[in-house]
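Q: Sending over a structure as structure tokens; questions will come in a sec.
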Amino acid sequence: MDLSTIIGICVAFGLMIMAILQGGPLGLFIDVPSILIVFGGTLGNTLVHYPFKDVFDAFNVAKKTLLYKETSISTLIGQLMEFANKARKEGILALQGAINDVDDDFLKKAIQMAVDGQEPKTLRTMLATEVEYVEMRHSKGANIFVSIGTYSPAMGMVGTLIGLVQMLQNMSDPSSIGPAMAVALLTTFYGAVIANVVCMPLAGKLKNRSESEILVKTLMIEGMQSILSGENPRVMEQKLHAFIPPKLRESSFKK
Amino acid sequence: MDLSTIIGICVAFGLMIMAILQGGPLGLFIDVPSILIVFGGTLGNTLVHYPFKDVFDAFNVAKKTLLYKETSISTLIGQLMEFANKARKEGILALQGAINDVDDDFLKKAIQMAVDGQEPKTLRTMLATEVEYVEMRHSKGANIFVSIGTYSPAMGMVGTLIGLVQMLQNMSDPSSIGPAMAVALLTTFYGAVIANVVCMPLAGKLKNRSESEILVKTLMIEGMQSILSGENPRVMEQKLHAFIPPKLRESSFKK
Amino acid sequence: MDLSTIIGICVAFGLMIMAILQGGPLGLFIDVPSILIVFGGTLGNTLVHYPFKDVFDAFNVAKKTLLYKETSISTLIGQLMEFANKARKEGILALQGAINDVDDDFLKKAIQMAVDGQEPKTLRTMLATEVEYVEMRHSKGANIFVSIGTYSPAMGMVGTLIGLVQMLQNMSDPSSIGPAMAVALLTTFYGAVIANVVCMPLAGKLKNRSESEILVKTLMIEGMQSILSGENPRVMEQKLHAFIPPKLRESSFKK
Amino acid sequence: MDLSTIIGICVAFGLMIMAILQGGPLGLFIDVPSILIVFGGTLGNTLVHYPFKDVFDAFNVAKKTLLYKETSISTLIGQLMEFANKARKEGILALQGAINDVDDDFLKKAIQMAVDGQEPKTLRTMLATEVEYVEMRHSKGANIFVSIGTYSPAMGMVGTLIGLVQMLQNMSDPSSIGPAMAVALLTTFYGAVIANVVCMPLAGKLKNRSESEILVKTLMIEGMQSILSGENPRVMEQKLHAFIPPKLRESSFKK
Amino acid sequence: MDLSTIIGICVAFGLMIMAILQGGPLGLFIDVPSILIVFGGTLGNTLVHYPFKDVFDAFNVAKKTLLYKETSISTLIGQLMEFANKARKEGILALQGAINDVDDDFLKKAIQMAVDGQEPKTLRTMLATEVEYVEMRHSKGANIFVSIGTYSPAMGMVGTLIGLVQMLQNMSDPSSIGPAMAVALLTTFYGAVIANVVCMPLAGKLKNRSESEILVKTLMIEGMQSILSGENPRVMEQKLHAFIPPKLRESSFKK
């Protein structure tokens, strides 16, 4: 489970509510018609922009991605090195038995393709296409949150304009102007919070996750390609290490 | 027919009107000169920006795209697999008969080219050019709505400035200031609604539709290319599956 | 002459002036120092940004582009098909006589190069370089209008700030505050109108024209390349049709 | 010397000062603490963003670029054609003598490399790398001005916020509110002027100059490449003409 | 240590504090709930956007990058030329002894790979991959500061909206309106300062540092590639000089 997301949201909302309570009751910040305009309007815009299925998928992807246990890159490289050694000693077909030890579906598929005797070049092309389209689907998911984060402040502004027009048409009682304007500003407030405290950071997290996942998949492609070409394991390890920061590079060879 | 667009627009406008009615009559939000400035001005700008034909086409494309029935990707892959099997058994010319069963003009053309004996490489180049230019025309259509959504808030601001200048020049009667300013703000309101509740989401939907259509066409190109090269159907299926999410991949082979 | 540009500008300005007149005399919206700041300042900025020659050229390009009669794409393809048939029957040198029937300088040059015996590859490289640099010059022209449309609202804001500072320093007579502020807002109004009603839409039209012209030139390159390679006219037609929307594709062959 | 830059800055500042003087004394627009915040703060931000050396270089590049005499493209093409004719008649080594007639260091280097017997391909690669990195350095110089033009309005806003907070804390004397707010707005004014009247247009001019210089260098590379490959001078001229607008193309051959 | 960053921050904050003190006590600008909302909220958003590890790494990278002693490019080229001469005289294996004199880990690795007998092409591919991923990690680090600089003004606006709503609901005592609004503006002030005086310039500096480091690494790759291919040292020097500005080019050969 993704701890930093939960802590981050709690910190942001916690401090915001604390600061509100210092200045008055929380009830001042709740107004049903304002909520309807901002939340409902944003939902409406999002449904015009994306088909049902995509919105539904985006929430699923978000949930899954947040729960996703990140693959340890060192472990992955270790595993690939093992496969390389096994393939060099016992032949590529020996990897058939290793498939069951592998959790990741993408790596499973790559090994299966290698065992099935695909050319290294075909294997790379197919897997690279898959990675490219995975990336496109991920970025679509993140973009839905970006869209929500763009529509919500806009609907907030629309709501505030509605409130201002009504207030300005009816200024006979000066004492009601302040509270009317306060309510008008609430929609702007809701819009800003939805965008900046929820949607934009979430979209950012989804993009970060996608990048990590793409790096893992890229390492799998490079590794399987090396194994299939029967490359020297030391060279293969050097190649894979080029993708990761120096401090994560633990050689499996004692120099 | 595209349900989510209709529901989305109804939700957004419905909630906005509900919220307005809670605070006063809807009539406060209707002002003819303001409508003239924002709608007319935006129309004028759009006609300067785009030729008549393109604006006209954009509305047509929008209508057609919203009505467009999305092709089921699994069905398409199934159909391509069938063609592959037929071509392997009875030769590529056997596909001539299958053209009539095909609805999609692009796929029809691709099969016709294959039957006419085009080289796989030529077929790919020609169809890829066509897809590239289809994409350009689609994105032009979506961009017209983006332009409208950029001009309408600008014209809204111009209208508000006109209203403010007139109000400020004539402040002898304090009681008229509020309503005058309310009317001045109406153009900003119209501009924001046109942009954020209509044009931007519609442009987004058109882009989404275009992406789906391009994916379908890409699968057709890849599939026909595989068929023409006489590739192994299992490999072809794997290739096509690389473009789509794992949960949509239904193999036509029982492993 | 480009009708939609003229109609668009008339509609936008006409409605704006109508709306102004409904609220008061047009004279309220004319203030000489404000005009000096916004128009002069924007002109100054533009001259710092671009050399004289480029600004001068941009207005020329704009004038010429607006007057430019768009080439009919079907006619062009028809003409290229004729050349292809002629070249196949009578040899490439027979096109020498056709040069005089051609209006477009670019096509003339392409035919001349073909007749002079250039290799298809050299012909394509040279013409593609030319198209690339034509595109760069066009986009420079459009960008000058974008720059003007960026500087004018900025100068409008500068003018408004000047007016506000002067008004705020001198508030002894409350009745003068309104009109002073009205005048201060005029520069913002001018800036917004120059940018949104004139420059941005014009820049957009120039970009659209450039795209059409580039498409025409691309078809010429593809066509001449096909003719020079002695490609089958049916294939050549199919290739050219890939660049244009299906409804414009009129085959010159009766199938 | 670059006339349009000087005229542009004089026009912009002149009209701004004229407009200011029409409404009151210029002294209202000078406030030392405001100047400190905006100028000093922007300088501070720029030094955090860029190393000393880069800021220093940027001002040097700006000075040099503004003084830079633009190379006449027709003259350059004429010169390259001469070299081509000389090299065809007397051999490539004959260009050694021509080096002294050449002012441009880049062209000198290109000829020297040609005379030294570099392969056409190596010559192109090396010179292209140089052009690429010249472009990067130029764009760094222009970007420093863009950064200054981004920080100065931000510091202007910071200054205005400081002024507003101080004014709002101390509203016992109503007559002081106006002038205090006027002073608070001055920083916004300074920031907008630095950005829009100085930095952004200057950055634009630097980018334009860079583009011209890159075009000149590109012509030199293409020309020397043609000379070294012993290409037909007519073809070489056609190639070079493809980079420039038709009206600048003066053939050195009488057709 | 990076002098310009320290001086820049001191100048910006120093002048800002000076300007504040001229208008009143510094204490007016300190308000604990406002600090909580802006700093805490921004921290929360950043943790939602990035995993703990990345935020932690970013601060480390920032610290290290600011302390990083820039490699002198002339010295580097001199060193590479020495290696080239040594390798030509005594063979590539002679570089083994030189590894200990080299400080830079990347250059060490490149030499080790050369000595180990890697092909020039493999060496380039591997090192280029490493540079590409170093660049990606650097830009991730800089982007975290950009994100903080985007969230902080947003949280500043949220804080100001909270303050305004509370103030407007409670306007019975007119004398409290000014100070309440002053406090509401403080969050906007904090957000603008964090973004514009700290985060954006720091992100810029990190990007600049990354570019310098990438240039150094690119020179190392080019140099080792030339050495490994046994290229003429004069040509190698020319190649390396193409990457740097003319005034830094000191030939090691007396012409």
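Convention: chains lettered A, B, ... in structure tokens order; per-chain residue numbering from 1; ligands numbered from 1 as shown.
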Please list as a ChimeraX atom specification every residue within 10 Å of range 225-238 of chain C, counting only C-alpha atoms and excluding residues in the same chain fewer than 5 positions away.
A: /B:113,118,122,126-127 /C:77-78,80-88,91-92,110-111,114-115,117-124,219-220,243,249-253
Q: Please write the residues from the selection above to a file, keeping C-alpha atoms, as a compact mmCIF listing (two decimals), in the first residue's frame.
A:
# COMPACT_ATOMS: atom_id res chain seq x y z
CA MET B 113 -4.70 -3.81 -51.92
CA GLN B 118 0.78 -5.03 -53.33
CA THR B 122 4.08 -0.63 -49.97
CA MET B 126 0.31 3.78 -48.04
CA LEU B 127 -2.00 2.84 -45.21
CA ILE C 77 -4.32 15.31 -58.59
CA GLY C 78 -6.02 15.22 -61.99
CA LEU C 80 -0.53 15.03 -61.91
CA MET C 81 -2.33 11.93 -63.27
CA GLU C 82 -2.28 13.47 -66.76
CA PHE C 83 1.44 14.11 -66.49
CA ALA C 84 1.95 10.52 -65.35
CA ASN C 85 0.07 9.18 -68.37
CA LYS C 86 1.92 11.51 -70.71
CA ALA C 87 5.30 10.53 -69.22
CA ARG C 88 4.50 6.83 -69.53
CA GLY C 91 8.70 9.67 -72.03
CA ILE C 92 9.60 12.04 -69.26
CA ALA C 110 9.70 20.02 -59.86
CA ILE C 111 8.86 19.21 -63.49
CA ALA C 114 12.47 15.82 -63.56
CA VAL C 115 13.00 16.77 -67.21
CA GLY C 117 17.16 14.14 -65.40
CA GLN C 118 17.48 14.39 -61.62
CA GLU C 119 17.38 11.14 -59.67
CA PRO C 120 14.03 10.56 -57.89
CA LYS C 121 15.86 10.60 -54.53
CA THR C 122 17.69 13.88 -55.19
CA LEU C 123 14.47 15.46 -56.45
CA ARG C 124 12.67 14.45 -53.28
CA LEU C 219 1.22 16.04 -53.15
CA MET C 220 3.36 17.60 -55.90
CA PHE C 243 -3.30 12.22 -48.23
CA ARG C 249 -11.10 11.08 -53.77
CA GLU C 250 -12.35 10.94 -57.35
CA SER C 251 -10.66 8.19 -59.27
CA SER C 252 -9.74 8.98 -62.86
CA PHE C 253 -10.15 5.27 -63.60
Q: Specify as an MDAnalysis selection string all residues of chain C found within 8 Å of chain D, counting only C-alpha atoms.
A: chainID C and resid 33:34 36:37 40:52 126:127 129:130 133:134 151 154:155 158:159 161:166 168:171
Q: Put those residues in a file: C-alpha atoms, as a PDB file, in the first residue's frame.
A:
ATOM      1  CA  PRO C  33      -2.998  58.465 -24.312  1.00  0.00           C
ATOM      2  CA  SER C  34      -4.364  54.941 -23.813  1.00  0.00           C
ATOM      3  CA  LEU C  36      -0.556  55.602 -27.543  1.00  0.00           C
ATOM      4  CA  ILE C  37       0.500  53.272 -24.737  1.00  0.00           C
ATOM      5  CA  GLY C  40       2.771  52.331 -29.640  1.00  0.00           C
ATOM      6  CA  GLY C  41       4.102  50.131 -26.883  1.00  0.00           C
ATOM      7  CA  THR C  42       3.115  46.973 -28.731  1.00  0.00           C
ATOM      8  CA  LEU C  43       4.721  48.305 -31.899  1.00  0.00           C
ATOM      9  CA  GLY C  44       7.888  49.112 -29.948  1.00  0.00           C
ATOM     10  CA  ASN C  45       8.059  45.637 -28.403  1.00  0.00           C
ATOM     11  CA  THR C  46       7.489  44.038 -31.778  1.00  0.00           C
ATOM     12  CA  LEU C  47      10.362  46.019 -33.293  1.00  0.00           C
ATOM     13  CA  VAL C  48      12.664  44.936 -30.477  1.00  0.00           C
ATOM     14  CA  HIS C  49      11.590  41.337 -30.985  1.00  0.00           C
ATOM     15  CA  TYR C  50      11.788  41.207 -34.793  1.00  0.00           C
ATOM     16  CA  PRO C  51      13.958  43.028 -37.343  1.00  0.00           C
ATOM     17  CA  PHE C  52      12.164  45.635 -39.503  1.00  0.00           C
ATOM     18  CA  MET C 126      15.713  19.069 -52.628  1.00  0.00           C
ATOM     19  CA  LEU C 127      11.985  19.674 -52.805  1.00  0.00           C
ATOM     20  CA  THR C 129      14.171  20.897 -48.043  1.00  0.00           C
ATOM     21  CA  GLU C 130      12.356  23.671 -49.861  1.00  0.00           C
ATOM     22  CA  TYR C 133      12.010  26.050 -45.173  1.00  0.00           C
ATOM     23  CA  VAL C 134       8.802  27.444 -46.704  1.00  0.00           C
ATOM     24  CA  TYR C 151       2.479  42.004 -26.131  1.00  0.00           C
ATOM     25  CA  ALA C 154       0.688  43.065 -21.503  1.00  0.00           C
ATOM     26  CA  MET C 155       0.919  46.704 -22.606  1.00  0.00           C
ATOM     27  CA  VAL C 158       0.922  48.311 -18.025  1.00  0.00           C
ATOM     28  CA  GLY C 159      -1.383  51.128 -19.114  1.00  0.00           C
ATOM     29  CA  LEU C 161      -1.388  50.087 -13.816  1.00  0.00           C
ATOM     30  CA  ILE C 162      -0.237  53.588 -14.789  1.00  0.00           C
ATOM     31  CA  GLY C 163      -3.841  54.812 -14.646  1.00  0.00           C
ATOM     32  CA  LEU C 164      -4.489  53.139 -11.292  1.00  0.00           C
ATOM     33  CA  VAL C 165      -1.356  54.543  -9.675  1.00  0.00           C
ATOM     34  CA  GLN C 166      -2.288  58.057 -10.817  1.00  0.00           C
ATOM     35  CA  LEU C 168      -4.926  56.270  -6.269  1.00  0.00           C
ATOM     36  CA  GLN C 169      -2.472  59.096  -5.599  1.00  0.00           C
ATOM     37  CA  ASN C 170      -5.208  61.612  -6.144  1.00  0.00           C
ATOM     38  CA  MET C 171      -8.480  60.555  -4.534  1.00  0.00           C
TER      39      MET C 171
END
Q: Which residues come within 9 Å of Val61 in chain C, counting only C-alpha atoms, excluding same-chain residues fewer than 4 positions away, as a list in words?
A: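 My reading of the contact set: Phe56, Asp57, Thr65, Leu66, His138, Gly141 and Leu206 of chain C.
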Q: Write the residues of the selection above to a file with N, CA and C atoms, as a PDB file, in the first residue's frame.
A:
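The result, written out as selection-v5.pdb:
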ATOM      1  N   PHE C  56       7.871  43.772 -41.680  1.00  0.00           N
ATOM      2  CA  PHE C  56       7.374  44.201 -42.976  1.00  0.00           C
ATOM      3  C   PHE C  56       6.919  42.983 -43.803  1.00  0.00           C
ATOM      4  N   ASP C  57       7.798  41.988 -43.860  1.00  0.00           N
ATOM      5  CA  ASP C  57       7.467  40.754 -44.588  1.00  0.00           C
ATOM      6  C   ASP C  57       6.201  40.111 -44.047  1.00  0.00           C
ATOM      7  N   THR C  65      -1.258  36.002 -48.302  1.00  0.00           N
ATOM      8  CA  THR C  65      -1.897  34.738 -47.918  1.00  0.00           C
ATOM      9  C   THR C  65      -3.409  34.879 -47.905  1.00  0.00           C
ATOM     10  N   LEU C  66      -3.894  36.048 -47.458  1.00  0.00           N
ATOM     11  CA  LEU C  66      -5.339  36.222 -47.408  1.00  0.00           C
ATOM     12  C   LEU C  66      -5.924  36.303 -48.813  1.00  0.00           C
ATOM     13  N   HIS C 138       6.724  30.534 -43.195  1.00  0.00           N
ATOM     14  CA  HIS C 138       5.297  30.758 -42.896  1.00  0.00           C
ATOM     15  C   HIS C 138       5.074  30.861 -41.401  1.00  0.00           C
ATOM     16  N   GLY C 141       6.035  34.063 -39.952  1.00  0.00           N
ATOM     17  CA  GLY C 141       5.039  35.099 -40.209  1.00  0.00           C
ATOM     18  C   GLY C 141       3.882  35.000 -39.226  1.00  0.00           C
ATOM     19  N   LEU C 206      -3.318  32.233 -40.825  1.00  0.00           N
ATOM     20  CA  LEU C 206      -2.054  32.058 -41.545  1.00  0.00           C
ATOM     21  C   LEU C 206      -1.535  30.625 -41.380  1.00  0.00           C
TER      22      LEU C 206
END
Q: Please identify which residues in range 71-129 of chain B DSSP calls alpha helix (DSSP H) from the backbone, and express them as a PyMOL selection string.
A: chain B and resi 73-90+105-115+120-129
Q: For C-alpha atoms, I'd like the residues from the last selection saved as a PDB file, in the first residue's frame.
A:
ATOM      1  CA  ILE B  73     -11.454  -4.618 -30.762  1.00  0.00           C
ATOM      2  CA  SER B  74     -11.855  -8.282 -29.862  1.00  0.00           C
ATOM      3  CA  THR B  75     -14.252  -8.763 -32.786  1.00  0.00           C
ATOM      4  CA  LEU B  76     -11.797  -7.039 -35.110  1.00  0.00           C
ATOM      5  CA  ILE B  77      -8.895  -9.244 -34.010  1.00  0.00           C
ATOM      6  CA  GLY B  78     -11.119 -12.320 -34.403  1.00  0.00           C
ATOM      7  CA  GLN B  79     -12.001 -11.236 -37.937  1.00  0.00           C
ATOM      8  CA  LEU B  80      -8.357 -10.608 -38.835  1.00  0.00           C
ATOM      9  CA  MET B  81      -7.422 -14.054 -37.464  1.00  0.00           C
ATOM     10  CA  GLU B  82     -10.112 -15.610 -39.666  1.00  0.00           C
ATOM     11  CA  PHE B  83      -8.717 -13.833 -42.717  1.00  0.00           C
ATOM     12  CA  ALA B  84      -5.236 -15.053 -41.781  1.00  0.00           C
ATOM     13  CA  ASN B  85      -6.419 -18.656 -41.588  1.00  0.00           C
ATOM     14  CA  LYS B  86      -8.343 -18.351 -44.841  1.00  0.00           C
ATOM     15  CA  ALA B  87      -5.358 -16.783 -46.611  1.00  0.00           C
ATOM     16  CA  ARG B  88      -3.045 -19.534 -45.375  1.00  0.00           C
ATOM     17  CA  LYS B  89      -5.378 -22.298 -46.502  1.00  0.00           C
ATOM     18  CA  GLU B  90      -6.812 -20.940 -49.754  1.00  0.00           C
ATOM     19  CA  ASP B 105     -13.891   1.203 -45.589  1.00  0.00           C
ATOM     20  CA  PHE B 106     -10.313   1.285 -44.434  1.00  0.00           C
ATOM     21  CA  LEU B 107     -10.151  -2.479 -43.920  1.00  0.00           C
ATOM     22  CA  LYS B 108     -11.899  -3.009 -47.279  1.00  0.00           C
ATOM     23  CA  LYS B 109      -9.222  -0.937 -48.964  1.00  0.00           C
ATOM     24  CA  ALA B 110      -6.437  -2.782 -47.164  1.00  0.00           C
ATOM     25  CA  ILE B 111      -7.805  -6.179 -48.253  1.00  0.00           C
ATOM     26  CA  GLN B 112      -8.314  -4.969 -51.814  1.00  0.00           C
ATOM     27  CA  MET B 113      -4.699  -3.810 -51.917  1.00  0.00           C
ATOM     28  CA  ALA B 114      -3.522  -7.163 -50.555  1.00  0.00           C
ATOM     29  CA  VAL B 115      -5.604  -9.053 -53.131  1.00  0.00           C
ATOM     30  CA  PRO B 120       3.714  -5.772 -47.736  1.00  0.00           C
ATOM     31  CA  LYS B 121       6.014  -2.740 -47.428  1.00  0.00           C
ATOM     32  CA  THR B 122       4.085  -0.628 -49.973  1.00  0.00           C
ATOM     33  CA  LEU B 123       0.798  -1.586 -48.319  1.00  0.00           C
ATOM     34  CA  ARG B 124       2.106  -0.484 -44.928  1.00  0.00           C
ATOM     35  CA  THR B 125       3.509   2.819 -46.244  1.00  0.00           C
ATOM     36  CA  MET B 126       0.310   3.778 -48.037  1.00  0.00           C
ATOM     37  CA  LEU B 127      -2.003   2.838 -45.214  1.00  0.00           C
ATOM     38  CA  ALA B 128       0.270   4.519 -42.651  1.00  0.00           C
ATOM     39  CA  THR B 129       0.181   7.732 -44.707  1.00  0.00           C
TER      40      THR B 129
END
Q: So how many Å separate CA of Ile35 in chain E and CA of Ser172 in chain E, to one decimal?
A: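 Value for the CA of Ile35 in chain E-CA of Ser172 in chain E distance: 26.9 Å.
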Q: In Å, with one decimal, what is the gap from CA of Leu67 in chain B to CA of Val131 in chain B?
A: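 It comes out at 20.6 Å.
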Q: Suppose you want the space between CA of Asp104 in chain E and CA of Ala142 in chain E; what is it in Å?
A: 22.5 Å
